[in-house]
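Notes follow once the structure below has been shown.
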Amino acid sequence: MTTEVTILLQLFLTFWLSVNNSLQFSDRMFTVDREYRDFFPNPDCDSTICPNICHRYDANCDETNEDTTYPCPNCYCREKKRNFVGKVNDGGRCVSDLDLVKDSMPKEDVLISSSSSSSSSSHYMFVDSDLVLTQTWESSKGYLWNYTPDHHFMNMNRLICLAVGPENKAMVFPCKLSDTKQQWYLDTKGFLFNNETGAPMYIHNDLSVTHSKGKDSDNFRFKKGRPRQVEYKGCYRFNDGSFKRDLDCKNVEKCLTTTKILAPIYEENAKCFINWKTSSYLVDNKPWQYVPKPDNDITISPAENSRGIYIKIPITSYRNWTGTVLKLQVKCSSKTTSEEHCVLIKFLGSFERYTPSSNPIINPRPDSNDTKKSKHSYPYKISTIVLSVLIFIILVSIVVYFAIQSHMCKKLTRQRHHQNASAEIPFCAETDGEPEM
């Protein structure tokens, strides 16, 4: 067999072993306890050895363990990456809250800044925890804004919009698609103006809005260039401005079963409901999976005399979802418009392996017992196997080609030798040793 064939076989063997190991690693099932920092048993431990491999998952070993012979039985997600998310190709990783739903803080968010004529430092338009528009020099999500395709500036603290308020003061209000006082444009230098009166009105350092532009340093503008207009696709906010809520019902007396969501974003879309068909969840080291059936005990209702809706999760539902991260999709609509965003809830605790009859929502092991596999779950296995088969076919074809060529070359060489011919044989490598007689 030629050297080329040997090399090809070695390469194929190496490739196949790596694919096989990858599939075995990704199929490895382990439990994940959901806490402030998620933790899970070290998957590489056996009865005598427990190597420190937690870094593979962006996690650390249990710092409190003092057993030197068995040093790393559990892996704990790191402080800044405290949520474990299963992945289809490598077992999973610990990620930050933002990485659970990256669109909740879009990378296109912008700063609105100004420089006072009496100061060389910039300050930023900011929405504080009391929903008051003010100015700040500090870094916070309250000074990040999303510029929407409808010309609204939506603040990322509470998903409320910049508007011309009473007495021509810049303020923030719940977003309204039809409100021209919330529609903002940019001049050639990037300064904001509202055109509700038919003539440009600019925002000054004191947050007044007037037709007089004055000095450039006295007006608010974008910090860097012109922003992209991007539709917000992240999660709704809770009443504290966060987009993720940790719920703990281990102590039933202190269990928070009703919480407020700042939905809808646009006032017109007043009718809201849970869209279970597009809702998904995390359990153990599995990737996001669609919810197999609705949990109709979880309900929403409009908040009275204030913006938002209330979501009620009874203790029975909490027990079903304990140890999971639930991404509810809430759809709000009107006769002409609609919006749909997620509500992200982590149910602290360990997922219990109930029998299907006692947990009617989630089967005890969704990866093995659920016959209706999530379309999030295993497409990578099919593609990996197909790719392996194709590469195998290609490599076998090459091996067969070289084998046939080698055989033909030897045959032609013997014929040439008998004929005492000296001409070279095309496409045949030189042979070592004497030809066979």
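In the structure tokens, chains take the letters A, B, ... in the order shown, each chain's residues start at 1, and ligands count up from 1 in the order shown.
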### Query
If you run DSSP on the backbone, which residues of segment 40-275 of chain A are strand (DSSP E or B), as an MDAnalysis selection string?
chainID A and resid 40:41 59:61 74:78 81 83:85 93:95 110:115 122:127 133:136 144:147 153:155 160:164 169:173 175 184:186 191:194 201:204 208:210 219 221:222 237:238 244:247 258:262 266 271:274
So which residues touch Asp246 of chain A within 12 Å, counting only C-alpha atoms, skipping near sequence neighbours fewer than 5 positions away, as a short mmCIF file (atom, residue, chain, number, x, y, z; two decimals) with N, CA and C atoms, in the first residue's frame?
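Saved to result_22.cif:
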data_model
loop_
_atom_site.label_atom_id
_atom_site.label_comp_id
_atom_site.auth_asym_id
_atom_site.auth_seq_id
_atom_site.Cartn_x
_atom_site.Cartn_y
_atom_site.Cartn_z
N ARG A 34 -30.00 24.80 40.03
CA ARG A 34 -30.14 26.22 39.75
C ARG A 34 -30.13 27.00 41.06
N GLU A 35 -29.09 27.80 41.24
CA GLU A 35 -28.97 28.67 42.41
C GLU A 35 -28.47 30.03 41.92
N TYR A 36 -28.12 30.91 42.88
CA TYR A 36 -27.55 32.18 42.45
C TYR A 36 -26.38 31.92 41.50
N ARG A 37 -25.53 30.96 41.87
CA ARG A 37 -24.51 30.43 40.96
C ARG A 37 -24.83 28.96 40.73
N ASP A 38 -25.21 28.60 39.52
CA ASP A 38 -25.56 27.21 39.23
C ASP A 38 -24.36 26.31 39.51
N ARG A 82 -23.06 33.05 35.89
CA ARG A 82 -23.64 32.21 36.94
C ARG A 82 -24.80 31.33 36.49
N ASN A 83 -25.02 31.24 35.19
CA ASN A 83 -26.11 30.41 34.66
C ASN A 83 -25.56 29.37 33.70
N ASP A 97 -26.01 36.61 32.77
CA ASP A 97 -27.44 36.85 32.57
C ASP A 97 -27.71 37.37 31.17
N PHE A 238 -38.67 43.44 34.41
CA PHE A 238 -39.43 43.35 35.64
C PHE A 238 -39.52 44.74 36.27
N CYS A 255 -42.43 32.62 49.59
CA CYS A 255 -42.45 32.40 48.14
C CYS A 255 -43.17 33.54 47.43
N LEU A 256 -42.49 34.13 46.44
CA LEU A 256 -43.08 35.20 45.64
C LEU A 256 -43.77 34.56 44.43
N THR A 257 -45.08 34.51 44.46
CA THR A 257 -45.82 33.84 43.38
C THR A 257 -46.43 34.83 42.39
N THR A 259 -45.60 38.48 40.34
CA THR A 259 -44.58 39.49 40.06
C THR A 259 -45.03 40.34 38.89
N TYR A 318 -44.65 26.18 40.44
CA TYR A 318 -43.26 26.38 40.86
C TYR A 318 -42.58 25.03 41.06
N THR A 322 -39.15 23.95 39.18
CA THR A 322 -37.96 24.09 40.02
C THR A 322 -36.74 23.45 39.35
N GLY A 323 -35.63 24.17 39.34
CA GLY A 323 -34.41 23.67 38.72
C GLY A 323 -34.33 23.94 37.23
N THR A 324 -35.17 24.84 36.73
CA THR A 324 -35.15 25.17 35.30
C THR A 324 -35.02 26.68 35.12
N VAL A 325 -34.70 27.09 33.91
CA VAL A 325 -34.80 28.48 33.47
C VAL A 325 -35.90 28.52 32.43
N LEU A 326 -36.93 29.28 32.71
CA LEU A 326 -38.09 29.34 31.82
C LEU A 326 -38.09 30.66 31.05
N VAL A 343 -40.12 36.67 28.88
CA VAL A 343 -40.06 36.90 30.33
C VAL A 343 -39.17 35.80 30.88
N LEU A 344 -38.03 36.17 31.45
CA LEU A 344 -37.00 35.20 31.82
C LEU A 344 -37.02 34.97 33.33
N ILE A 345 -37.26 33.71 33.72
CA ILE A 345 -37.37 33.36 35.14
C ILE A 345 -36.51 32.14 35.42
N LYS A 346 -35.66 32.24 36.46
CA LYS A 346 -34.91 31.08 36.92
C LYS A 346 -35.52 30.59 38.22
N PHE A 347 -35.96 29.33 38.23
CA PHE A 347 -36.57 28.72 39.41
C PHE A 347 -35.46 28.01 40.19
N LEU A 348 -35.09 28.58 41.32
CA LEU A 348 -33.96 28.05 42.07
C LEU A 348 -34.29 26.69 42.68
N GLY A 349 -33.30 25.81 42.70
CA GLY A 349 -33.47 24.49 43.26
C GLY A 349 -33.00 23.42 42.30
#
(request) Can you list, as a ChimeraX atom specification, all residues belonging to segment 43-244 of chain A that DSSP tags as helix (DSSP H, G or I)? (result) /A:54-57,97-100,102-104,141-143,166-168,180-182,216-218
Please provide the set of residues having any atom within 12 Å of Thr336 of chain A, restricted to only C-alpha atoms, with same-chain residues fewer than 4 positions apart removed, written as a PyMOL selection string. chain A and resi 177-178+268-271+332
What separates atom CA of Leu262 of chain A and atom CA of Tyr232 of chain A is a distance of 14.4 Å
What separates atom CA of Glu352 of chain A and atom CA of Asp284 of chain A is a distance of 10.7 Å
**Exercise: Ile261 of chain A partners within 8 Å, only C-alpha atoms, chain neighbours under 5 positions left out, as an MDAnalysis selection string** = chainID A and resid 236:239 308:311 343
Keeping N, CA, C and O atoms for every residue in the selection just given, could you write it to a file as a short mmCIF file (atom, residue, chain, number, x, y, z; two decimals), in the first residue's frame?
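Written output follows (again29.cif):
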data_model
loop_
_atom_site.label_atom_id
_atom_site.label_comp_id
_atom_site.auth_asym_id
_atom_site.auth_seq_id
_atom_site.Cartn_x
_atom_site.Cartn_y
_atom_site.Cartn_z
N TYR A 236 -38.86 41.50 28.15
CA TYR A 236 -39.51 42.53 28.95
C TYR A 236 -38.74 42.74 30.24
O TYR A 236 -37.99 41.87 30.69
N ARG A 237 -38.95 43.88 30.86
CA ARG A 237 -38.32 44.18 32.15
C ARG A 237 -39.28 43.85 33.30
O ARG A 237 -40.49 43.98 33.17
N PHE A 238 -38.67 43.44 34.41
CA PHE A 238 -39.43 43.35 35.64
C PHE A 238 -39.52 44.74 36.27
O PHE A 238 -38.93 45.71 35.77
N ASN A 239 -40.24 44.83 37.36
CA ASN A 239 -40.51 46.14 37.94
C ASN A 239 -39.25 46.84 38.45
O ASN A 239 -39.24 48.06 38.63
N GLY A 308 -48.15 47.87 33.00
CA GLY A 308 -47.63 46.53 33.22
C GLY A 308 -48.70 45.47 33.37
O GLY A 308 -49.91 45.73 33.30
N ILE A 309 -48.22 44.25 33.55
CA ILE A 309 -49.09 43.10 33.78
C ILE A 309 -48.53 42.33 34.98
O ILE A 309 -47.35 42.45 35.33
N TYR A 310 -49.38 41.55 35.61
CA TYR A 310 -48.96 40.67 36.69
C TYR A 310 -48.93 39.24 36.18
O TYR A 310 -49.85 38.79 35.50
N ILE A 311 -47.86 38.55 36.52
CA ILE A 311 -47.78 37.14 36.20
C ILE A 311 -47.86 36.36 37.51
O ILE A 311 -47.13 36.65 38.47
N VAL A 343 -40.12 36.67 28.88
CA VAL A 343 -40.06 36.90 30.33
C VAL A 343 -39.17 35.80 30.88
O VAL A 343 -39.51 34.62 30.78
#
